[in-house]
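K.L.:
Below is the file final-v9.pdb, with PDB, C-alpha atoms.
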```pdb
ATOM      1  CA  MET Q  54      53.648 -17.575 -49.486
ATOM      2  CA  LEU Q  55      52.113 -14.231 -50.339
ATOM      3  CA  GLU Q  56      54.889 -11.905 -51.455
ATOM      4  CA  SER Q  57      55.220  -8.173 -50.953
ATOM      5  CA  ASN Q  58      55.907  -6.133 -54.068
ATOM      6  CA  SER Q  59      59.400  -5.217 -52.849
ATOM      7  CA  SER Q  60      60.470  -8.792 -52.038
ATOM      8  CA  ARG Q  61      59.457 -10.522 -55.242
ATOM      9  CA  PRO Q  62      62.127 -12.836 -56.652
ATOM     10  CA  ALA Q  63      63.948 -12.150 -59.907
ATOM     11  CA  TYR Q  64      61.976 -14.715 -61.912
ATOM     12  CA  HIS Q  65      58.719 -12.869 -61.207
ATOM     13  CA  HIS Q  66      58.861 -10.772 -64.386
ATOM     14  CA  CYS Q  67      59.049 -13.943 -66.518
ATOM     15  CA  TYR Q  68      56.210 -15.432 -64.504
ATOM     16  CA  GLU Q  69      54.047 -12.336 -65.090
ATOM     17  CA  ILE Q  70      54.625 -12.478 -68.853
ATOM     18  CA  LEU Q  71      53.700 -16.167 -69.035
ATOM     19  CA  ARG Q  72      50.724 -15.727 -66.705
ATOM     20  CA  ASP Q  73      49.348 -12.883 -68.829
ATOM     21  CA  LYS Q  74      49.824 -14.871 -72.049
ATOM     22  CA  ILE Q  75      47.822 -17.738 -70.529
ATOM     23  CA  LEU Q  76      45.068 -15.579 -69.064
ATOM     24  CA  ASN Q  77      44.560 -13.509 -72.228
ATOM     25  CA  GLY Q  78      44.462 -16.621 -74.414
ATOM     26  CA  GLU Q  79      47.711 -15.965 -76.277
ATOM     27  CA  LEU Q  80      48.838 -19.366 -74.987
ATOM     28  CA  PRO Q  81      45.703 -21.509 -75.461
ATOM     29  CA  GLY Q  82      44.848 -24.562 -73.404
ATOM     30  CA  GLY Q  83      46.966 -27.594 -74.253
ATOM     31  CA  THR Q  84      49.956 -25.557 -75.440
ATOM     32  CA  LYS Q  85      53.210 -27.245 -74.431
ATOM     33  CA  ILE Q  86      55.539 -24.968 -72.480
ATOM     34  CA  VAL Q  87      59.068 -25.413 -73.877
ATOM     35  CA  GLU Q  88      61.668 -23.889 -71.561
ATOM     36  CA  GLU Q  89      64.325 -23.329 -74.227
ATOM     37  CA  LYS Q  90      61.934 -21.581 -76.612
ATOM     38  CA  ILE Q  91      60.490 -19.220 -73.982
ATOM     39  CA  ALA Q  92      63.946 -18.461 -72.566
ATOM     40  CA  ALA Q  93      65.120 -17.466 -76.060
ATOM     41  CA  GLU Q  94      62.009 -15.322 -76.655
ATOM     42  CA  LEU Q  95      62.439 -13.454 -73.356
ATOM     43  CA  GLY Q  96      66.226 -13.274 -73.527
ATOM     44  CA  VAL Q  97      66.817 -15.006 -70.212
ATOM     45  CA  SER Q  98      68.352 -18.255 -68.994
ATOM     46  CA  ARG Q  99      66.246 -21.358 -68.439
ATOM     47  CA  THR Q 100      66.407 -21.014 -64.640
ATOM     48  CA  PRO Q 101      63.845 -18.166 -64.255
ATOM     49  CA  ILE Q 102      61.620 -19.892 -66.844
ATOM     50  CA  ARG Q 103      61.781 -23.126 -64.861
ATOM     51  CA  ASP Q 104      60.900 -21.232 -61.659
ATOM     52  CA  SER Q 105      58.039 -19.467 -63.461
ATOM     53  CA  ILE Q 106      56.612 -22.767 -64.694
ATOM     54  CA  ARG Q 107      56.844 -24.178 -61.171
ATOM     55  CA  LYS Q 108      54.785 -21.241 -59.861
ATOM     56  CA  LEU Q 109      52.231 -21.584 -62.659
ATOM     57  CA  GLU Q 110      51.906 -25.287 -61.843
ATOM     58  CA  TYR Q 111      51.405 -24.353 -58.193
ATOM     59  CA  GLU Q 112      48.578 -22.026 -59.271
ATOM     60  CA  GLY Q 113      46.998 -24.609 -61.582
ATOM     61  CA  LEU Q 114      47.592 -22.794 -64.877
ATOM     62  CA  VAL Q 115      50.133 -25.361 -66.091
ATOM     63  CA  ILE Q 116      49.914 -29.146 -65.650
ATOM     64  CA  ASN Q 117      52.649 -31.460 -66.963
ATOM     65  CA  LYS Q 118      54.186 -28.550 -68.882
ATOM     66  CA  ARG Q 119      50.909 -27.850 -70.703
ATOM     67  CA  VAL Q 120      48.695 -24.762 -70.397
ATOM     68  CA  VAL Q 121      45.339 -25.046 -68.643
ATOM     69  CA  ASN Q 122      42.846 -22.227 -69.350
ATOM     70  CA  PRO Q 123      40.297 -21.845 -66.517
ATOM     71  CA  THR Q 124      36.638 -21.981 -67.591
ATOM     72  CA  GLU Q 125      34.004 -19.545 -66.297
ATOM     73  CA  LYS Q 126      32.850 -22.274 -63.912
ATOM     74  CA  ASP Q 127      36.434 -22.680 -62.653
ATOM     75  CA  LEU Q 128      36.651 -18.936 -62.069
ATOM     76  CA  ARG Q 129      33.348 -18.857 -60.190
ATOM     77  CA  ASN Q 130      34.304 -21.828 -58.027
ATOM     78  CA  MET Q 131      37.720 -20.443 -57.139
ATOM     79  CA  PHE Q 132      36.403 -16.975 -56.459
ATOM     80  CA  ASN Q 133      33.640 -18.293 -54.226
ATOM     81  CA  VAL Q 134      36.313 -20.019 -52.131
ATOM     82  CA  ARG Q 135      38.184 -16.715 -51.981
ATOM     83  CA  ILE Q 136      35.021 -14.931 -50.813
ATOM     84  CA  LEU Q 137      34.622 -17.337 -47.889
ATOM     85  CA  LEU Q 138      38.277 -17.235 -46.864
ATOM     86  CA  GLU Q 139      38.801 -13.492 -47.173
ATOM     87  CA  GLY Q 140      35.548 -12.826 -45.358
ATOM     88  CA  TYR Q 141      36.871 -14.833 -42.426
ATOM     89  CA  SER Q 142      40.243 -13.068 -42.740
ATOM     90  CA  ALA Q 143      38.553  -9.672 -42.462
ATOM     91  CA  ARG Q 144      36.896 -10.818 -39.226
ATOM     92  CA  CYS Q 145      40.319 -11.921 -37.942
ATOM     93  CA  ALA Q 146      41.870  -8.606 -38.990
ATOM     94  CA  ALA Q 147      39.322  -6.728 -36.868
ATOM     95  CA  ASN Q 148      40.282  -8.852 -33.874
ATOM     96  CA  PHE Q 149      44.032  -9.179 -34.244
ATOM     97  CA  LEU Q 150      45.642  -6.471 -36.389
ATOM     98  CA  LYS Q 151      47.683  -3.880 -34.499
ATOM     99  CA  GLU Q 152      46.809  -0.210 -34.837
ATOM    100  CA  ASN Q 153      49.791   0.557 -37.081
ATOM    101  CA  GLU Q 154      48.847  -2.375 -39.332
ATOM    102  CA  ILE Q 155      45.289  -1.076 -39.569
ATOM    103  CA  GLU Q 156      46.535   2.373 -40.531
ATOM    104  CA  LYS Q 157      48.574   0.757 -43.284
ATOM    105  CA  LEU Q 158      45.256  -0.410 -44.763
ATOM    106  CA  TYR Q 159      44.135   3.211 -44.880
ATOM    107  CA  GLU Q 160      47.317   4.146 -46.754
ATOM    108  CA  TYR Q 161      46.318   1.626 -49.418
ATOM    109  CA  VAL Q 162      42.862   3.229 -49.570
ATOM    110  CA  GLU Q 163      44.445   6.651 -50.133
ATOM    111  CA  ILE Q 164      46.636   5.293 -52.933
ATOM    112  CA  GLY Q 165      43.506   3.765 -54.425
ATOM    113  CA  ARG Q 166      41.976   7.228 -54.663
ATOM    114  CA  LYS Q 167      44.997   9.169 -55.920
ATOM    115  CA  GLY Q 168      47.425   6.740 -57.531
ATOM    116  CA  THR Q 169      48.150   5.658 -61.080
ATOM    117  CA  LYS Q 170      46.571   2.454 -62.381
ATOM    118  CA  GLU Q 171      49.759   0.552 -61.535
ATOM    119  CA  GLU Q 172      49.887   2.030 -58.019
ATOM    120  CA  ILE Q 173      46.202   1.220 -57.474
ATOM    121  CA  MET Q 174      46.785  -2.374 -58.604
ATOM    122  CA  SER Q 175      49.656  -2.703 -56.152
ATOM    123  CA  ALA Q 176      47.733  -1.075 -53.274
ATOM    124  CA  ASN Q 177      44.717  -3.302 -53.980
ATOM    125  CA  GLU Q 178      46.937  -6.384 -53.796
ATOM    126  CA  SER Q 179      48.561  -5.239 -50.544
ATOM    127  CA  PHE Q 180      45.212  -4.363 -48.958
ATOM    128  CA  HIS Q 181      43.868  -7.866 -49.513
ATOM    129  CA  ASN Q 182      47.134  -9.673 -48.752
ATOM    130  CA  ASP Q 183      47.571  -7.905 -45.408
ATOM    131  CA  ILE Q 184      44.042  -8.884 -44.415
ATOM    132  CA  VAL Q 185      44.588 -12.512 -45.454
ATOM    133  CA  LYS Q 186      47.790 -12.677 -43.415
ATOM    134  CA  ALA Q 187      45.835 -11.452 -40.371
ATOM    135  CA  SER Q 188      44.109 -14.835 -40.258
ATOM    136  CA  ASN Q 189      47.425 -16.342 -39.116
ATOM    137  CA  ASN Q 190      46.094 -19.565 -40.645
ATOM    138  CA  HIS Q 191      48.821 -21.010 -42.840
ATOM    139  CA  VAL Q 192      46.533 -23.521 -44.551
ATOM    140  CA  MET Q 193      44.150 -20.746 -45.569
ATOM    141  CA  ILE Q 194      46.988 -18.465 -46.643
ATOM    142  CA  ASP Q 195      48.357 -21.279 -48.812
ATOM    143  CA  ILE Q 196      44.974 -21.787 -50.510
ATOM    144  CA  ILE Q 197      44.726 -18.074 -51.323
ATOM    145  CA  ASP Q 198      48.345 -18.121 -52.490
ATOM    146  CA  ARG Q 199      47.517 -20.823 -55.032
ATOM    147  CA  MET Q 200      44.814 -18.549 -56.439
ATOM    148  CA  GLN Q 201      47.054 -15.529 -57.054
ATOM    149  CA  ALA Q 202      46.969 -15.742 -60.863
ATOM    150  CA  ILE Q 203      43.162 -15.753 -60.893
ATOM    151  CA  ILE Q 204      43.006 -13.036 -58.243
ATOM    152  CA  TYR Q 205      45.325 -10.948 -60.421
ATOM    153  CA  LEU Q 206      42.990 -11.392 -63.395
ATOM    154  CA  PHE Q 207      40.040 -10.034 -61.391
ATOM    155  CA  ARG Q 208      42.120  -7.250 -59.814
ATOM    156  CA  LYS Q 209      43.336  -6.052 -63.189
ATOM    157  CA  THR Q 210      39.791  -6.026 -64.569
ATOM    158  CA  VAL Q 211      38.207  -4.048 -61.723
ATOM    159  CA  VAL Q 212      41.017  -1.461 -61.742
ATOM    160  CA  ILE Q 213      41.455  -1.036 -65.506
ATOM    161  CA  TYR Q 214      37.689  -0.867 -66.115
ATOM    162  CA  ASN Q 215      37.125   1.438 -63.110
ATOM    163  CA  ARG Q 216      34.638  -0.657 -61.169
ATOM    164  CA  PRO Q 217      32.297   1.773 -59.354
ATOM    165  CA  ASN Q 218      32.712   2.086 -55.561
ATOM    166  CA  LEU Q 219      35.789  -0.147 -55.483
ATOM    167  CA  ILE Q 220      37.824   2.081 -53.168
ATOM    168  CA  ASP Q 221      34.783   3.212 -51.170
ATOM    169  CA  GLU Q 222      34.227  -0.436 -50.288
ATOM    170  CA  HIS Q 223      37.866  -0.789 -49.228
ATOM    171  CA  GLU Q 224      37.407   2.196 -46.931
ATOM    172  CA  GLU Q 225      34.255   0.686 -45.413
ATOM    173  CA  ILE Q 226      36.144  -2.550 -44.722
ATOM    174  CA  TYR Q 227      39.025  -0.568 -43.207
ATOM    175  CA  LYS Q 228      36.634   1.340 -40.929
ATOM    176  CA  ALA Q 229      34.968  -1.858 -39.719
ATOM    177  CA  ILE Q 230      38.387  -3.353 -38.939
ATOM    178  CA  LYS Q 231      39.507  -0.164 -37.193
ATOM    179  CA  GLU Q 232      36.332  -0.189 -35.078
ATOM    180  CA  ARG Q 233      37.002  -3.861 -34.218
ATOM    181  CA  GLU Q 234      33.661  -4.918 -35.717
ATOM    182  CA  GLY Q 235      34.602  -8.369 -36.968
ATOM    183  CA  GLU Q 236      31.192  -9.510 -38.163
ATOM    184  CA  LYS Q 237      30.639  -6.296 -40.107
ATOM    185  CA  ALA Q 238      34.113  -6.519 -41.675
ATOM    186  CA  GLU Q 239      33.390 -10.089 -42.799
ATOM    187  CA  ILE Q 240      30.045  -9.154 -44.361
ATOM    188  CA  LEU Q 241      31.534  -6.130 -46.137
ATOM    189  CA  MET Q 242      34.450  -8.152 -47.512
ATOM    190  CA  LYS Q 243      32.136 -10.851 -48.861
ATOM    191  CA  LYS Q 244      29.894  -8.271 -50.548
ATOM    192  CA  HIS Q 245      32.962  -6.502 -51.953
ATOM    193  CA  LEU Q 246      34.343  -9.668 -53.550
ATOM    194  CA  GLU Q 247      30.935 -10.784 -54.819
ATOM    195  CA  THR Q 248      30.678  -7.433 -56.587
ATOM    196  CA  ASP Q 249      34.174  -7.957 -58.052
ATOM    197  CA  LEU Q 250      33.089 -11.349 -59.401
ATOM    198  CA  ASN Q 251      29.890 -10.028 -60.950
ATOM    199  CA  PHE Q 252      31.696  -7.029 -62.448
ATOM    200  CA  TYR Q 253      34.373  -9.237 -64.010
ATOM    201  CA  LEU Q 254      31.824 -11.616 -65.528
ATOM    202  CA  HIS Q 255      29.822  -8.660 -66.863
ATOM    203  CA  VAL Q 256      32.900  -7.090 -68.495
ATOM    204  CA  MET Q 257      34.003 -10.396 -70.022
ATOM    205  CA  SER Q 258      30.524 -11.071 -71.450
ATOM    206  CA  LYS Q 259      30.568  -7.939 -73.624
TER     207      LYS Q 259
END
```
Show me this structure written as structure tokens.

P.N.:
Amino acid sequence: MLESNSSRPAYHHCYEILRDKILNGELPGGTKIVEEKIAAELGVSRTPIRDSIRKLEYEGLVINKRVVNPTEKDLRNMFNVRILLEGYSARCAANFLKENEIEKLYEYVEIGRKGTKEEIMSANESFHNDIVKASNNHVMIDIIDRMQAIIYLFRKTVVIYNRPNLIDEHEEIYKAIKEREGEKAEILMKKHLETDLNFYLHVMSK
């Protein structure tokens, strides 16, 4: 399930290192993941490495202990699924989120304007995760959960490369949810994520 930053399990640091090595190409497709070797490199026991591999398999980046690098087509396909699901989630958020939960979204917007890159990354993640959870649809939440590594890749790109209007769009989505305008929230979320996708592909093509 989607995890909050404060409740992440101990193995998560190992997972993040492996995920980043896969996504940046340091571990190319087909590379065999050897638990003992990685545990020695990171100075940890095999248990967190085993848990990390299990999560990477869940997210589709490792199959049968071998690295799978997503192609551009894979990224487009997965992100288009995300666009549909998070658009629907934004509509649900406008209908079902409580007032205090909606105001939490605004707190994330404020962090997005004033925070460090790391704080903005975290607030961006929480903003989207809270909206996804508002769907109260466990099948949909599970699908999004399986995409977290790819979502992270896009999130990192739009924050690090300062995508224009990123936080303004978050605020527009927040306002639509606060005003209980479900259809508008869905449209804004879809446009927001489509812009993320196009920005990522543009940055990666340079």

K.L.:
Evaluated on this file, the PyMOL selection byres ((chain Q and resi 179) around 12) picks out some residues - which ones are they, written as a ChimeraX atom specification?

P.N.:
/Q:55-59,154,157-162,164-165,172-178,180-186,205,208,223

K.L.:
Any chance you could resolve the PyMOL selection byres ((chain Q and resi 102) around 8) against this file and give the residues as a list in words?

P.N.:
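Evaluating the PyMOL selection byres ((chain Q and resi 102) around 8) on this file yields Tyr64, Cys67, Tyr68, Glu88, Ile91, Ala92, Val97, Ser98, Arg99, Thr100, Pro101, Arg103, Asp104, Ser105 and Ile106 of chain Q.
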
K.L.:
With all atoms listed in the file as the atoms that count, which of Q:Ala202, Q:Val120, Q:Ile196, Q:Leu150 lies nearest to Glu69 (chain Q)?

P.N.:
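Between Q:Ala202, Q:Val120, Q:Ile196, Q:Leu150, the residue approaching Glu69 (chain Q) most closely is Q:Ala202.
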
K.L.:
Contacts between region 77-81 of chain Q and region 94-189 of chain Q, please, where a residue of region 94-189 of chain Q counts if it comes within 12 Å (with all atoms listed in the file); show its shortest atom pair and distance in Å to one decimal, rows by chain and ascending number, as a tab-separated table.

P.N.:
```
residue	atom	partner	partner_atom	distance
Q:Leu114	CA	Q:Leu80	CA	10.7
Q:Val115	CA	Q:Leu80	CA	10.8
Q:Arg119	CA	Q:Pro81	CA	9.5
Q:Val120	CA	Q:Pro81	CA	6.7
Q:Val121	CA	Q:Pro81	CA	7.7
Q:Asn122	CA	Q:Pro81	CA	6.8
Q:Pro123	CA	Q:Gly78	CA	10.3
Q:Thr124	CA	Q:Gly78	CA	11.7
```

K.L.:
From the options Q:Lys209, Q:Arg199, Q:Arg144, Q:Arg166, which residue's atoms come nearest to Glu234 (chain Q), counting all atoms listed in the file?

P.N.:
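Looking at the shortest contact to Glu234 (chain Q), the residue is Q:Arg144.
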